[in-house]
file entry_17.cif (mmCIF, C-alpha atoms)
data_work
loop_
_atom_site.label_atom_id
_atom_site.label_comp_id
_atom_site.auth_asym_id
_atom_site.auth_seq_id
_atom_site.Cartn_x
_atom_site.Cartn_y
_atom_site.Cartn_z
CA MET A 1 295.59 156.79 -40.17
CA ALA A 2 292.86 154.62 -38.75
CA ALA A 3 289.28 154.60 -39.96
CA VAL A 4 286.90 157.26 -38.70
CA LEU A 5 283.21 157.98 -39.12
CA LYS A 6 282.54 160.34 -41.97
CA PRO A 7 280.70 163.28 -40.37
CA GLY A 8 277.08 163.52 -41.42
CA SER A 9 277.14 160.24 -43.32
CA SER A 10 274.70 158.22 -41.21
CA ARG A 11 271.26 157.64 -42.66
CA ILE A 12 268.02 155.92 -41.69
CA HIS A 13 265.67 155.17 -44.53
CA PHE A 14 262.18 154.11 -43.50
CA GLY A 15 260.47 151.22 -45.19
CA ALA A 16 257.15 149.72 -44.13
CA TYR A 17 255.09 151.62 -41.58
CA PRO A 18 253.79 149.47 -38.70
CA LYS A 19 250.06 148.94 -38.49
CA VAL A 20 248.01 147.09 -35.92
CA LYS A 21 245.36 144.64 -36.96
CA THR A 22 241.98 144.27 -35.30
CA PRO A 23 242.37 141.64 -32.57
CA THR A 24 240.87 138.25 -33.31
CA VAL A 25 239.64 135.31 -31.26
CA THR A 26 240.18 131.94 -32.85
CA HIS A 27 240.72 128.44 -31.50
CA GLY A 28 240.09 129.73 -27.98
CA LYS A 29 242.78 132.41 -28.09
CA ALA A 30 242.75 136.18 -28.52
CA ARG A 31 245.45 137.42 -30.82
CA PHE A 32 246.97 140.86 -31.20
CA LYS A 33 248.95 141.24 -34.40
CA SER A 34 250.74 143.98 -36.27
CA SER A 35 252.30 144.39 -39.68
CA SER A 36 256.02 144.89 -40.20
CA ILE A 37 257.96 148.02 -39.48
CA LYS A 38 261.07 148.26 -41.66
CA ALA A 39 264.06 150.56 -41.86
CA THR A 40 267.56 150.57 -43.31
CA GLY A 41 270.52 152.28 -41.67
CA SER A 42 273.90 153.19 -43.12
CA VAL A 43 277.09 155.00 -42.27
CA THR A 44 280.34 155.68 -44.12
CA LEU A 45 283.83 155.21 -42.71
CA THR A 46 286.84 157.00 -44.12
CA GLY A 47 290.54 156.59 -43.43
CA SER A 48 292.44 153.37 -43.85
CA GLN A 49 293.20 149.98 -42.45
CA PRO A 50 293.67 148.59 -39.89
CA ALA A 51 289.96 149.07 -39.32
CA ASP A 52 288.47 145.62 -39.11
CA GLY A 53 285.91 145.34 -36.35
CA TRP A 54 283.85 148.46 -37.00
CA ALA A 55 280.23 147.30 -37.00
CA LEU A 56 276.85 148.89 -37.64
CA GLY A 57 273.59 147.80 -36.10
CA PHE A 58 270.31 148.83 -34.61
CA ILE A 59 269.66 148.72 -30.89
CA GLN A 60 266.06 148.59 -29.69
CA VAL A 61 264.49 148.99 -26.28
CA GLU A 62 260.88 148.68 -25.23
CA TRP A 63 260.48 151.44 -22.69
CA VAL A 64 256.74 151.33 -22.00
CA ASP A 65 254.61 148.22 -21.85
CA THR A 66 250.89 148.18 -21.14
CA ASN A 67 249.32 144.75 -21.03
CA TRP A 68 246.10 144.07 -19.13
CA LEU A 69 243.21 141.70 -19.73
CA TYR A 70 239.75 141.75 -18.18
CA TYR A 71 237.56 138.64 -18.10
CA ARG A 72 234.05 138.21 -16.81
CA GLY A 73 231.53 135.43 -16.50
CA ARG A 74 228.34 134.98 -18.38
CA GLN A 75 226.42 136.56 -15.51
CA ASN A 76 227.29 138.67 -12.49
CA ASN A 77 227.69 135.82 -10.00
CA HIS A 78 230.11 134.03 -12.31
CA GLY A 79 232.70 136.63 -11.33
CA SER A 80 235.49 138.45 -13.08
CA ILE A 81 239.28 138.28 -13.42
CA PHE A 82 241.84 140.96 -14.12
CA PHE A 83 245.33 140.11 -15.38
CA GLN A 84 247.94 142.85 -15.03
CA ARG A 85 250.70 141.56 -17.29
CA SER A 86 252.91 144.64 -17.31
CA ARG A 87 253.69 145.04 -13.60
CA PRO A 88 255.90 143.00 -11.27
CA PRO A 89 256.17 140.09 -10.92
CA ALA A 90 254.75 139.49 -14.41
CA ARG A 91 257.03 142.19 -15.78
CA PRO A 92 259.73 142.98 -13.23
CA VAL A 93 261.32 145.82 -15.22
CA LYS A 94 260.11 148.89 -17.04
CA VAL A 95 262.68 148.87 -19.80
CA CYS A 96 263.87 145.80 -21.67
CA ARG A 97 266.34 145.37 -24.50
CA ASP A 98 264.94 143.81 -27.62
CA VAL A 99 267.59 141.21 -28.37
CA ASP A 100 267.81 137.53 -29.10
CA GLU A 101 266.38 135.39 -26.31
CA GLU A 102 269.71 134.69 -24.70
CA ALA A 103 270.05 138.44 -24.03
CA THR A 104 273.83 138.50 -24.29
CA ASP A 105 273.68 140.60 -27.46
CA ILE A 106 273.67 144.37 -27.74
CA PHE A 107 272.52 144.75 -31.31
CA TYR A 108 268.95 143.92 -32.23
CA ASP A 109 270.22 141.52 -34.87
CA GLU A 110 273.55 139.73 -34.55
CA PRO A 111 276.01 139.48 -36.16
CA PRO A 112 276.04 143.05 -37.49
CA PRO A 113 277.63 144.08 -40.80
CA THR A 114 281.31 144.54 -39.98
CA VAL A 115 284.40 146.01 -41.64
CA THR A 116 286.91 143.34 -42.59
CA ALA A 117 290.65 143.59 -43.18
CA ALA A 118 290.03 143.30 -46.91
CA ASP A 119 287.74 146.34 -47.12
CA ARG A 120 288.81 149.54 -48.83
CA PHE A 121 287.84 153.06 -47.85
CA PRO A 122 285.61 154.95 -47.91
CA LYS A 123 283.46 152.04 -46.77
CA THR A 124 279.71 152.23 -46.29
CA LEU A 125 278.07 149.79 -43.89
CA THR A 126 274.36 149.10 -44.32
CA VAL A 127 272.01 147.27 -41.97
CA ASP A 128 268.34 146.33 -42.21
CA PHE A 129 265.78 146.42 -39.43
CA SER A 130 262.36 144.85 -39.24
CA ASP A 131 259.97 143.92 -36.48
CA GLU A 132 256.45 142.60 -36.16
CA PRO A 133 255.47 142.41 -32.49
CA GLY A 134 252.33 140.69 -31.32
CA ASP A 135 250.72 138.96 -28.38
CA LYS A 136 248.07 136.46 -27.41
CA ALA A 137 245.86 135.44 -24.50
CA MET A 138 243.46 132.66 -23.66
CA ALA A 139 239.88 133.55 -24.48
CA VAL A 140 238.40 131.68 -21.54
CA VAL A 141 239.79 131.30 -18.01
CA THR A 142 238.14 129.56 -15.07
CA ASN A 143 237.45 131.84 -12.12
CA SER A 144 238.82 130.04 -9.05
CA LEU A 145 236.37 131.76 -6.71
CA THR A 146 233.21 130.80 -8.56
CA GLY A 147 234.41 127.82 -10.57
CA GLU A 148 232.79 129.38 -13.62
CA ASP A 149 234.25 130.18 -17.00
CA ASN A 150 235.20 133.84 -17.43
CA PHE A 151 235.44 135.17 -20.97
CA ILE A 152 237.85 137.82 -22.20
CA ARG A 153 235.86 141.06 -22.18
CA GLU A 154 238.42 143.82 -22.72
CA ALA A 155 242.14 144.14 -23.25
CA GLN A 156 244.68 146.90 -23.71
CA LEU A 157 248.20 146.33 -24.96
CA GLU A 158 250.73 149.05 -25.78
CA PHE A 159 254.32 148.40 -26.81
CA LEU A 160 256.45 151.54 -27.07
CA PHE A 161 259.92 151.20 -28.58
CA CYS A 162 262.94 153.33 -29.37
CA THR A 163 265.24 152.09 -32.13
CA VAL A 164 268.76 153.46 -32.38
CA LEU A 165 271.26 153.28 -35.24
CA THR A 166 274.60 152.60 -33.60
CA VAL A 167 278.14 151.96 -34.76
CA ARG A 168 280.56 149.92 -32.67
CA ASP A 169 284.24 150.67 -33.01
CA PRO A 170 287.02 148.05 -32.78
CA ASP A 171 287.55 148.93 -29.10
CA ASP A 172 283.91 148.00 -28.32
CA ASN A 173 282.71 151.57 -27.85
CA TYR A 174 279.18 152.22 -29.06
CA HIS A 175 278.42 155.46 -30.92
CA HIS A 176 274.70 156.16 -31.18
CA LEU A 177 274.04 158.06 -34.40
CA LYS A 178 270.30 158.45 -34.93
CA SER A 179 267.08 157.09 -33.47
CA PHE A 180 263.33 156.95 -33.80
CA TYR A 181 260.39 156.09 -31.59
CA TRP A 182 257.54 153.87 -32.64
CA ASN A 183 254.69 151.99 -31.06
CA VAL A 184 251.82 149.58 -31.59
CA ARG A 185 248.64 149.73 -29.46
CA TRP A 186 245.57 147.55 -29.24
CA GLN A 187 242.42 148.07 -27.20
CA ALA A 188 239.23 146.17 -27.80
CA ARG A 189 236.16 144.65 -26.21
CA PHE A 190 235.21 141.04 -26.83
CA LEU A 191 232.02 139.01 -26.67
CA PRO A 192 231.41 135.47 -27.90
CA HIS A 193 228.48 134.99 -30.23
CA ASP A 194 227.55 132.05 -28.05
CA PHE A 195 228.88 131.52 -24.53
CA ASP A 196 228.41 127.79 -25.02
CA ASP A 197 230.73 127.85 -28.02
CA PRO A 198 233.76 130.01 -27.15
CA ASN A 199 235.72 128.36 -29.95
CA GLY A 200 233.21 129.78 -32.40
CA PRO A 201 233.02 133.37 -33.63
CA TRP A 202 233.37 136.42 -31.39
CA TYR A 203 232.36 140.06 -31.65
CA VAL A 204 235.46 142.25 -31.41
CA THR A 205 234.95 145.99 -31.03
CA THR A 206 238.06 148.13 -31.11
CA ILE A 207 238.28 151.25 -28.96
CA ALA A 208 239.43 153.94 -31.33
CA ALA A 209 241.51 155.93 -28.86
CA GLY A 210 243.39 152.86 -27.74
CA GLN A 211 244.03 151.22 -31.07
CA GLY A 212 246.70 152.36 -33.50
CA SER A 213 250.38 152.80 -34.21
CA ALA A 214 252.88 155.61 -34.58
CA ARG A 215 256.41 156.29 -35.73
CA SER A 216 258.42 159.42 -35.01
CA GLY A 217 260.72 161.25 -37.35
CA ILE A 218 264.43 160.59 -37.18
CA ILE A 219 266.21 162.10 -34.19
CA GLU A 220 269.83 163.13 -34.62
CA GLY A 221 272.59 162.09 -32.25
CA LYS A 222 272.62 159.85 -29.22
CA PRO A 223 269.38 159.38 -27.29
CA THR A 224 268.99 161.64 -24.26
CA ASP A 225 265.76 160.15 -22.95
CA LYS A 226 266.46 159.41 -19.29
CA ARG A 227 263.88 156.64 -19.26
CA PHE A 228 266.09 154.30 -21.26
CA LYS A 229 269.34 155.90 -22.46
CA ASP A 230 271.46 153.99 -19.93
CA ALA A 231 269.82 150.68 -20.82
CA LEU A 232 270.85 150.62 -24.47
CA THR A 233 274.17 148.82 -23.98
CA ASP A 234 273.65 147.49 -20.46
CA LYS A 235 273.78 143.70 -20.60
CA THR A 236 272.21 143.46 -17.15
CA VAL A 237 268.97 144.79 -18.64
CA ARG A 238 266.87 141.81 -19.59
CA GLY A 239 265.83 140.85 -23.08
CA CYS A 240 262.19 141.57 -23.91
CA ASN A 241 261.36 138.15 -25.31
CA ALA A 242 262.99 136.52 -22.29
CA LEU A 243 260.38 138.26 -20.11
CA VAL A 244 257.48 136.65 -21.93
CA ASP A 245 257.54 133.49 -19.83
CA LEU A 246 256.86 135.59 -16.72
CA TYR A 247 253.52 136.89 -17.96
CA TYR A 248 252.70 134.04 -20.32
CA PRO A 249 253.77 130.94 -18.37
CA ASP A 250 253.57 127.39 -19.61
CA PRO A 251 251.46 125.51 -20.33
CA ASP A 252 248.66 127.85 -21.42
CA GLY A 253 249.94 131.37 -20.84
CA VAL A 254 247.56 132.00 -17.93
CA LEU A 255 249.00 133.49 -14.74
CA PRO A 256 248.13 131.02 -11.96
CA VAL A 257 245.93 131.63 -8.94
CA GLY A 258 248.05 133.31 -6.28
CA ASN A 259 250.11 135.37 -8.69
CA PRO A 260 249.73 139.02 -7.59
CA CYS A 261 249.11 139.99 -11.20
CA ARG A 262 245.96 137.87 -11.26
CA ARG A 263 243.04 139.41 -9.37
CA GLU A 264 239.70 137.68 -9.10
CA SER A 265 236.27 138.63 -7.88
CA ARG A 266 233.04 136.73 -7.28
CA VAL A 267 231.10 139.37 -9.21
CA TRP A 268 231.58 141.62 -12.23
CA ASP A 269 234.03 143.90 -10.51
CA SER A 270 235.87 147.05 -11.51
CA PHE A 271 239.65 146.85 -11.43
CA ASP A 272 242.16 149.69 -11.46
CA VAL A 273 244.10 149.13 -14.66
CA ARG A 274 246.86 151.44 -13.45
CA ARG A 275 247.98 149.00 -10.76
CA MET B 1 285.34 84.50 -36.40
CA ILE B 2 281.92 84.79 -34.78
CA VAL B 3 282.67 88.36 -33.75
CA GLY B 4 283.73 89.14 -37.29
CA ALA B 5 280.50 87.72 -38.72
CA ALA B 6 278.40 89.70 -36.27
CA LEU B 7 280.24 92.87 -37.20
CA ALA B 8 279.67 92.16 -40.88
CA ILE B 9 275.93 91.75 -40.28
CA THR B 10 275.79 95.00 -38.30
CA LEU B 11 277.64 96.89 -40.99
CA SER B 12 275.35 95.40 -43.62
CA LEU B 13 272.23 96.56 -41.74
CA ALA B 14 273.72 100.00 -41.28
CA ALA B 15 274.26 100.26 -44.99
CA VAL B 16 270.63 99.64 -45.88
CA SER B 17 268.82 101.55 -43.13
CA PRO B 18 269.59 104.81 -41.38
CA ALA B 19 270.50 104.41 -37.73
CA THR B 20 268.56 107.46 -36.71
CA ALA B 21 265.66 109.64 -37.73
CA GLU B 22 265.77 111.29 -41.12
CA ILE B 23 264.62 114.82 -41.93
CA ARG B 24 263.19 115.47 -45.38
CA ASN B 25 262.36 118.90 -46.76
CA LEU B 26 258.89 119.11 -48.24
CA ALA B 27 257.85 121.24 -51.20
CA GLN B 28 256.81 124.19 -49.05
CA PRO B 29 259.96 125.83 -47.68
CA GLY B 30 260.02 125.39 -43.92
CA ALA B 31 257.90 122.22 -44.01
CA PHE B 32 259.48 118.91 -43.05
CA ALA B 33 258.80 115.22 -42.73
CA ILE B 34 260.66 113.43 -39.96
CA GLU B 35 260.90 109.72 -40.53
CA ALA B 36 261.85 107.26 -37.83
CA PRO B 37 264.29 104.42 -38.59
CA PRO B 38 263.23 100.77 -38.19
CA ALA B 39 264.25 100.91 -34.56
CA GLY B 40 262.14 104.00 -33.88
CA ALA B 41 263.46 107.27 -32.54
CA SER B 42 263.30 109.47 -29.48
CA LEU B 43 263.71 113.16 -30.25
CA ALA B 44 263.82 116.18 -27.98
CA ARG B 45 260.51 118.01 -28.24
CA GLN B 46 262.20 121.11 -29.58
CA GLY B 47 264.71 121.65 -32.36
CA ARG B 48 266.12 124.71 -34.09
CA ILE B 49 266.31 126.30 -37.51
CA GLU B 50 269.78 127.40 -38.57
CA GLN B 51 270.76 129.84 -41.31
CA GLN B 52 273.84 129.51 -43.47
CA THR B 53 276.04 132.60 -43.04
CA ALA B 54 279.56 133.54 -44.02
CA ALA B 55 280.62 132.47 -40.53
CA GLY B 56 278.85 129.11 -40.70
CA TRP B 57 275.43 127.88 -39.55
CA LYS B 58 273.73 130.19 -37.07
CA PRO B 59 270.54 129.48 -35.08
CA VAL B 60 267.70 131.78 -36.07
CA PHE B 61 264.75 130.01 -34.47
CA ARG B 62 265.22 127.91 -31.35
CA GLU B 63 261.70 126.77 -30.60
CA PHE B 64 260.85 124.43 -33.44
CA ARG B 65 258.39 122.10 -31.69
CA LEU B 66 257.67 118.59 -32.86
CA VAL B 67 253.93 119.07 -33.09
CA ALA B 68 251.56 118.59 -35.97
CA ASP B 69 249.03 120.86 -34.26
CA CYS B 70 249.79 124.02 -32.31
CA ASP B 71 247.12 123.16 -29.75
CA ALA B 72 249.34 120.23 -28.70
CA VAL B 73 252.32 122.40 -27.73
CA ALA B 74 251.22 122.70 -24.11
CA THR B 75 251.15 118.94 -23.61
CA LEU B 76 254.27 118.03 -25.56
CA PRO B 77 256.52 115.68 -23.53
CA ALA B 78 260.24 116.35 -23.16
CA CYS B 79 260.99 113.53 -25.59
CA VAL B 80 258.87 112.68 -28.61
CA THR B 81 258.94 109.01 -29.48
CA LEU B 82 258.42 107.97 -33.07
CA ALA B 83 257.40 104.38 -33.70
CA PRO B 84 259.50 102.40 -36.21
CA GLY B 85 258.97 103.88 -39.66
CA ALA B 86 256.56 106.54 -38.40
CA VAL B 87 256.56 109.90 -40.17
CA LEU B 88 255.89 113.16 -38.34
CA THR B 89 255.08 116.34 -40.26
CA PRO B 90 255.40 119.16 -37.73
CA VAL B 91 253.81 122.58 -38.13
CA PRO B 92 256.07 124.31 -40.70
CA TRP B 93 258.50 127.09 -39.87
CA THR B 94 257.11 130.47 -40.95
CA GLY B 95 260.44 132.24 -41.40
CA TYR B 96 260.09 134.34 -38.22
CA THR B 97 262.60 134.32 -35.38
CA CYS B 98 259.99 134.46 -32.62
CA GLU B 99 256.56 133.55 -33.93
CA GLY B 100 258.23 130.98 -36.10
CA GLN B 101 255.78 128.14 -35.85
CA CYS B 102 252.86 128.58 -33.46
CA PRO B 103 251.35 131.87 -32.29
CA ARG B 104 253.13 133.28 -29.24
CA PRO B 105 253.86 136.66 -27.64
CA CYS B 106 256.77 138.45 -29.32
CA LYS B 107 258.54 141.76 -29.13
CA ARG B 108 261.55 141.08 -31.37
CA ASN B 109 260.10 139.16 -34.31
CA ILE B 110 262.19 139.25 -37.46
CA TYR B 111 261.28 137.65 -40.77
CA ARG B 112 264.64 136.04 -41.54
CA PRO B 113 264.51 134.93 -45.22
CA PRO B 114 265.68 135.11 -47.91
CA GLY B 115 268.42 132.61 -47.27
CA THR B 116 269.49 129.01 -46.90
CA PHE B 117 268.32 127.20 -43.79
CA ARG B 118 268.23 123.75 -42.20
CA LEU B 119 266.44 122.00 -39.37
CA VAL B 120 268.44 120.48 -36.51
CA LEU B 121 266.79 118.12 -34.04
CA PRO B 122 268.49 116.97 -30.82
CA LEU B 123 268.04 113.31 -29.95
CA CYS B 124 267.03 112.27 -26.47
CA GLY B 125 270.05 110.46 -25.18
CA GLY B 126 272.53 112.62 -27.08
CA GLY B 127 273.43 113.57 -30.59
CA GLU B 128 271.53 115.50 -33.24
CA VAL B 129 269.90 114.94 -36.58
CA THR B 130 270.58 117.59 -39.19
CA GLY B 131 268.29 118.07 -42.15
CA PRO B 132 269.34 118.99 -45.68
CA PRO B 133 269.57 122.71 -46.53
CA PHE B 134 266.59 124.45 -48.08
CA HIS B 135 266.01 127.89 -49.51
CA MET B 136 263.29 130.21 -48.32
CA GLY B 137 262.64 133.34 -50.31
CA ALA B 138 261.44 136.79 -49.37
CA ARG B 139 257.74 136.85 -48.62
CA ALA B 140 255.10 138.63 -50.52
CA LYS B 141 254.02 141.97 -49.02
CA ARG B 142 251.78 141.53 -45.99
#

call {"tool": "encode", "arguments": {"input": "entry_17.cif", "output": "structure tokens"}}
result
Amino acid sequence: MAAVLKPGSSRIHFGAYPKVKTPTVTHGKARFKSSSIKATGSVTLTGSQPADGWALGFIQVEWVDTNWLYYRGRQNNHGSIFFQRSRPPARPVKVCRDVDEEATDIFYDEPPPTVTAADRFPKTLTVDFSDEPGDKAMAVVTNSLTGEDNFIREAQLEFLFCTVLTVRDPDDNYHHLKSFYWNVRWQARFLPHDFDDPNGPWYVTTIAAGQGSARSGIIEGKPTDKRFKDALTDKTVRGCNALVDLYYPDPDGVLPVGNPCRRESRVWDSFDVRR
Amino acid sequence: MIVGAALAITLSLAAVSPATAEIRNLAQPGAFAIEAPPAGASLARQGRIEQQTAAGWKPVFREFRLVADCDAVATLPACVTLAPGAVLTPVPWTGYTCEGQCPRPCKRNIYRPPGTFRLVLPLCGGGEVTGPPFHMGARAKR
């Protein structure tokens, strides 16, 4: 008899709840930070050897990403800039898999806890999960139309994830057991105390409706959400951290003039954040 | 005979001075001093932190930059040259897999300790320098 999953044995135990911190502007950069989310997953296998190769891990996808920044000059004729960092070409996909940068992994954290030939049954596999996403942006960008400095004025970032507890059998089949949704969201307005000293202190005013975090309860069984269910084990879906260079290019993380995700105006303009 | 004498001198020099850069762990886990040999050293601008696992050493942070100041990351050349005997103390590793040294955008960002780790620095021109293992413990609650 080979090893099998013990029915009803999978568990997710939540640890730390994710919280967002008020954005900051220091050393010329706006920062968006969160605290850790933590969880522990487990499942029990019964039966007997040979069973080496069974593995337990979490799989995570980011299925919604909002990421825009609005800059404006000190006065109307200094212009304004809008960066849309969550649409093509800055973000060419809707869903990404949250894996190591090389994106050849399936599990969020490799290598996963795995049954070995020496294990006895019943055998419980346990795996930990933690994450602490964040972002940053330059506080000051030069408007190419006016030649004037534009200062970050407002930003909205939303990272929505689904995290799935999954067991992989020795034949490389993935069995999704349980899942949960969670997100972190920042929205704030910014103003330097002194436009002549953007490396000094800034006023940061959060927008209550746009700032916060959430975590769902635990959902039984394999995910059925059409927005990402087919992406979970699809290695052609890009890794989330590998996408960062597209919206935060070297050397300073500012999308260059000519990038469709950078829109500029000679005045304090209104931009449609949906596009 | 002359060749033999030259070889003896070379071996003697090798015995008293390291041929390549040396990595020293500092008191704060994740902090290092990189000391150039008498001939100087040319290091790739970016090294990696590896963790000791049952299956061997595994990379956990691949963007360890040779900068003493995060503001210098953007202008870091492909190869960092250390003058003879110079000591570089880069920004320490924080323990994270993504935001492991300087602030940067991250989705997957795991705090990797507790565990045993080491710094590995590629040399420009080939080869690597491997630092001694160090332990980093679990962090206090944040």

call {"tool": "interface_residues", "arguments": {"input": "entry_17.cif", "of": "chain A", "to": "chain B", "cutoff": "8 Å", "atoms": "only C-alpha atoms", "output": "PyMOL selection string"}}
result
chain A and resi 35-36+98-100+108+130-136+240-241+244+248+250-252

call {"tool": "atom_distance", "arguments": {"input": "entry_17.cif", "atom1": "atom CA of B:Arg24", "atom2": "atom CA of B:Val91"}}
result
13.8 Å

call {"tool": "closest_residue", "arguments": {"input": "entry_17.cif", "among": "B:Ala41, B:Gly100, B:Gly115, B:Glu35", "to": "B:Ile23", "atoms": "all atoms listed in the file"}}
result
B:Glu35

call {"tool": "resolve_selection", "arguments": {"input": "entry_17.cif", "expression": "the PyMOL selection byres ((chain B and resi 82) around 9)", "output": "list in words"}}
result
Ala21, Glu35, Ala36, Pro37, Gly40, Ala41, Ser42, Leu43, Val80, Thr81, Ala83, Pro84, Gly85, Ala86, Val87 and Leu88 of chain B

call {"tool": "atom_distance", "arguments": {"input": "entry_17.cif", "atom1": "atom CA of A:Ser80", "atom2": "atom CA of A:Arg266"}}
result
6.5 Å

call {"tool": "closest_residue", "arguments": {"input": "entry_17.cif", "among": "A:Ala90, A:Leu145, A:Val167, A:Ala3", "to": "A:Lys222", "atoms": "only C-alpha atoms"}}
result
A:Val167

call {"tool": "resolve_selection", "arguments": {"input": "entry_17.cif", "expression": "the PyMOL selection byres ((chain B and resi 135) around 9)", "output": "list in words"}}
result
Pro29, Gly30, Pro113, Pro114, Gly115, Thr116, Phe117, Arg118, Pro133, Phe134, Met136 and Gly137 of chain B

call {"tool": "atom_distance", "arguments": {"input": "entry_17.cif", "atom1": "atom CA of A:Asp245", "atom2": "atom CA of A:Gln187"}}
result
22.3 Å

call {"tool": "build_atoms", "arguments": {"input": "entry_17.cif", "residues": "stretch 63-81 of chain A", "atoms": "N, CA and C atoms", "output": "compact mmCIF listing (two decimals), in the coordinates of the input"}}
result
# COMPACT_ATOMS: atom_id res chain seq x y z
N TRP A 63 260.38 150.62 -23.90
CA TRP A 63 260.48 151.44 -22.69
C TRP A 63 259.14 151.67 -22.01
N VAL A 64 258.05 151.36 -22.65
CA VAL A 64 256.74 151.33 -22.00
C VAL A 64 256.01 150.08 -22.47
N ASP A 65 255.39 149.41 -21.52
CA ASP A 65 254.61 148.22 -21.85
C ASP A 65 253.31 148.28 -21.05
N THR A 66 252.21 148.31 -21.75
CA THR A 66 250.89 148.18 -21.14
C THR A 66 250.33 146.84 -21.58
N ASN A 67 249.78 146.09 -20.64
CA ASN A 67 249.32 144.75 -21.03
C ASN A 67 248.35 144.24 -19.96
N TRP A 68 247.08 144.61 -20.09
CA TRP A 68 246.10 144.07 -19.13
C TRP A 68 244.93 143.42 -19.87
N LEU A 69 244.32 142.47 -19.17
CA LEU A 69 243.21 141.70 -19.73
C LEU A 69 242.11 141.64 -18.68
N TYR A 70 240.88 141.82 -19.10
CA TYR A 70 239.75 141.75 -18.18
C TYR A 70 238.79 140.67 -18.67
N TYR A 71 238.46 139.74 -17.78
CA TYR A 71 237.56 138.64 -18.10
C TYR A 71 236.34 138.73 -17.19
N ARG A 72 235.20 138.31 -17.70
CA ARG A 72 234.05 138.21 -16.81
C ARG A 72 233.17 137.04 -17.24
N GLY A 73 232.38 136.58 -16.25
CA GLY A 73 231.53 135.43 -16.50
C GLY A 73 230.30 135.81 -17.28
N ARG A 74 229.55 134.78 -17.59
CA ARG A 74 228.34 134.98 -18.38
C ARG A 74 227.32 135.85 -17.64
N GLN A 75 227.30 135.72 -16.32
CA GLN A 75 226.42 136.56 -15.51
C GLN A 75 227.17 137.03 -14.27
N ASN A 76 226.58 137.99 -13.57
CA ASN A 76 227.29 138.67 -12.49
C ASN A 76 227.90 137.71 -11.46
N ASN A 77 227.16 136.70 -11.05
CA ASN A 77 227.69 135.82 -10.00
C ASN A 77 228.68 134.78 -10.52
N HIS A 78 229.04 134.87 -11.77
CA HIS A 78 230.11 134.03 -12.31
C HIS A 78 231.48 134.68 -12.09
N GLY A 79 231.46 135.96 -11.71
CA GLY A 79 232.70 136.63 -11.33
C GLY A 79 233.46 137.27 -12.48
N SER A 80 234.62 137.78 -12.10
CA SER A 80 235.49 138.45 -13.08
C SER A 80 236.94 138.27 -12.68
N ILE A 81 237.83 138.43 -13.65
CA ILE A 81 239.28 138.28 -13.42
C ILE A 81 239.99 139.41 -14.15
